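Student: Below you will find the structure I want to go over with you.
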Amino acid sequence: MAVACARLPAMTLTRNAGSPPRGWGRRSAGLLPFRLAGGLQVFLGHMGGPLWTRKDAGAWTIVKGEYLPEEAPADAARREWAEETGLPVPAGPWIDLGEVRQAGGKRVVAWAVGADEAAGAPARAKLDAAVSGTFTMRWPPKSDRLQEFPELDRFAWWGAQAARERIVVGQVPLLDRLVATAG
């Protein structure tokens, strides 16, 4: 599927050209930016498209996307960050959060990345300016109409407890690992 990225003009990013090998399953890699502004805060995206419009609990996610065996997961996480936010990866240190398996069977590997804008590092992006790439789907269902939707329709900083209430259930262990590390 081709994905246009609003922040990277005249560029179409192609996701997952080819098929995964038998037994590979669906795998995603992503980044969970965090900052320590009056307590731990994490940056999440709300899943885009008409199926998620009116949902809040369980409708927020780390910025992630699928990858194939020939791509290193960390490289996929960087690529997906650019695709889904239109911003450079925050310049802070990376913390390996390991892997989780979501309810649908998808495996998600993630890293937390320091994004404390107060530190003043010039390479750190103002994450509030994130703009997602898009995807196309048939909507309404069973119609011949194709519509374009953002992959993530909004972004927000959440305190650890608020994030826990909103993040996809299968990703809660990733958040818990960051809380334990940054604690």
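Identifiers for the structure tokens are assigned positionally: chains receive A, B, ... in sequence, residues are indexed from 1 per chain, and ligands are indexed from 1 in the order shown.
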Contacts between segment 54-69 of chain A and segment 109-164 of chain A, please, where a residue of segment 109-164 of chain A counts if it comes within 10 Å (with only C-alpha atoms); show its shortest atom pair and distance in Å to one decimal, rows by chain and ascending number, as a Markdown table.

Tutor:
```
| residue | atom | partner | partner_atom | distance |
| --- | --- | --- | --- | --- |
| A:Val109 | CA | A:Lys64 | CA | 8.9 |
| A:Ala110 | CA | A:Lys64 | CA | 8.1 |
| A:Trp111 | CA | A:Ile62 | CA | 9.7 |
| A:Ala112 | CA | A:Ile62 | CA | 9.5 |
| A:Ser132 | CA | A:Val63 | CA | 9.9 |
| A:Glu151 | CA | A:Val63 | CA | 9.8 |
| A:Leu152 | CA | A:Val63 | CA | 8.5 |
| A:Arg154 | CA | A:Trp60 | CA | 9.3 |
| A:Phe155 | CA | A:Trp60 | CA | 8.7 |
| A:Ala156 | CA | A:Trp60 | CA | 9.4 |
| A:Ala162 | CA | A:Ala57 | CA | 9.7 |
| A:Ala163 | CA | A:Trp60 | CA | 8.1 |
| A:Arg164 | CA | A:Gly58 | CA | 8.9 |
```

Student: For the selection just defined, write its residues with C-alpha atoms to a file, as a tab-separated table (two decimals), in the first residue's frame.

Tutor:
```tsv
chain	number	residue	atom	x	y	z
A	109	VAL	CA	8.59	-4.43	19.12
A	110	ALA	CA	9.13	-0.95	20.50
A	111	TRP	CA	11.62	1.53	21.85
A	112	ALA	CA	10.97	4.49	24.10
A	132	SER	CA	0.11	11.67	9.70
A	151	GLU	CA	-3.30	6.69	9.62
A	152	LEU	CA	-3.33	8.57	12.92
A	154	ARG	CA	-4.49	13.18	16.17
A	155	PHE	CA	-1.59	13.08	18.60
A	156	ALA	CA	-1.32	13.92	22.29
A	162	ALA	CA	-4.19	8.48	31.26
A	163	ALA	CA	-2.12	6.70	28.59
A	164	ARG	CA	-2.82	3.33	30.25
```

Student: Quick one: DSSP strand (DSSP E or B) residues in segment 48-128 of chain A, as a ChimeraX atom specification?

Tutor: /A:60-61,63-66,94-101,107-114

Student: Give me, as a ChimeraX atom specification, the residues of segment 5-119 of chain A that a backbone DSSP run labels alpha helix (DSSP H).

Tutor: /A:73-85

Student: Write a file of the just-selected residues containing C-alpha atoms, as a PDB file, in the first residue's frame.

Tutor:
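Contents of the output file out_28.pdb:
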```pdb
ATOM      1  CA  PRO A  73      13.059  -3.486  13.377  1.00  0.00           C
ATOM      2  CA  ALA A  74      14.810  -0.272  14.528  1.00  0.00           C
ATOM      3  CA  ASP A  75      15.014   0.911  10.897  1.00  0.00           C
ATOM      4  CA  ALA A  76      11.310   0.117  10.467  1.00  0.00           C
ATOM      5  CA  ALA A  77      10.508   2.102  13.621  1.00  0.00           C
ATOM      6  CA  ARG A  78      12.387   5.133  12.216  1.00  0.00           C
ATOM      7  CA  ARG A  79      10.665   4.783   8.822  1.00  0.00           C
ATOM      8  CA  GLU A  80       7.219   4.463  10.364  1.00  0.00           C
ATOM      9  CA  TRP A  81       7.837   7.456  12.605  1.00  0.00           C
ATOM     10  CA  ALA A  82       8.587   9.604   9.550  1.00  0.00           C
ATOM     11  CA  GLU A  83       5.577   8.206   7.666  1.00  0.00           C
ATOM     12  CA  GLU A  84       3.087   8.594  10.454  1.00  0.00           C
ATOM     13  CA  THR A  85       4.197  11.929  11.936  1.00  0.00           C
TER      14      THR A  85
END
```

Student: What is the atom CA of Pro33 of chain A to atom CA of Thr134 of chain A distance in Å?

Tutor: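 Interatomic distance here is 21.2 Å.
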
Student: My list of candidates is A:Gly133, A:Pro141, A:Gly45, A:Gly170. Which is closest to Val108 of chain A when distances are computed with only C-alpha atoms?

Tutor: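 Nearest candidate to Val108 of chain A out of A:Gly133, A:Pro141, A:Gly45, A:Gly170: A:Gly170.
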
Student: Of the residues A:Gln171, A:Trp158, A:Trp139, A:Ala182, which is the one nearest to Leu51 of chain A, using only C-alpha atoms?

Tutor: A:Trp139

Student: Choose the residue, out of A:Leu40, A:Ala130, A:Ala180, A:Ala29, that has the smallest atom-to-atom separation from Glu99 of chain A; count only C-alpha atoms.

Tutor: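 Of A:Leu40, A:Ala130, A:Ala180, A:Ala29, the one nearest Glu99 of chain A is A:Ala29, counting only C-alpha atoms.
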
Student: For atom CA of Glu148 of chain A and atom CA of Leu32 of chain A, quote the distance in Å rounded to one decimal.

Tutor: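 A separation of 25.7 Å between them.
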
Student: Would you pick out the contacts of Thr181 of chain A at 12 Å or less, using only C-alpha atoms, so that residues sharing its chain but fewer than 2 positions from it are not included, and give the list as a count of residues only?

Tutor: 15
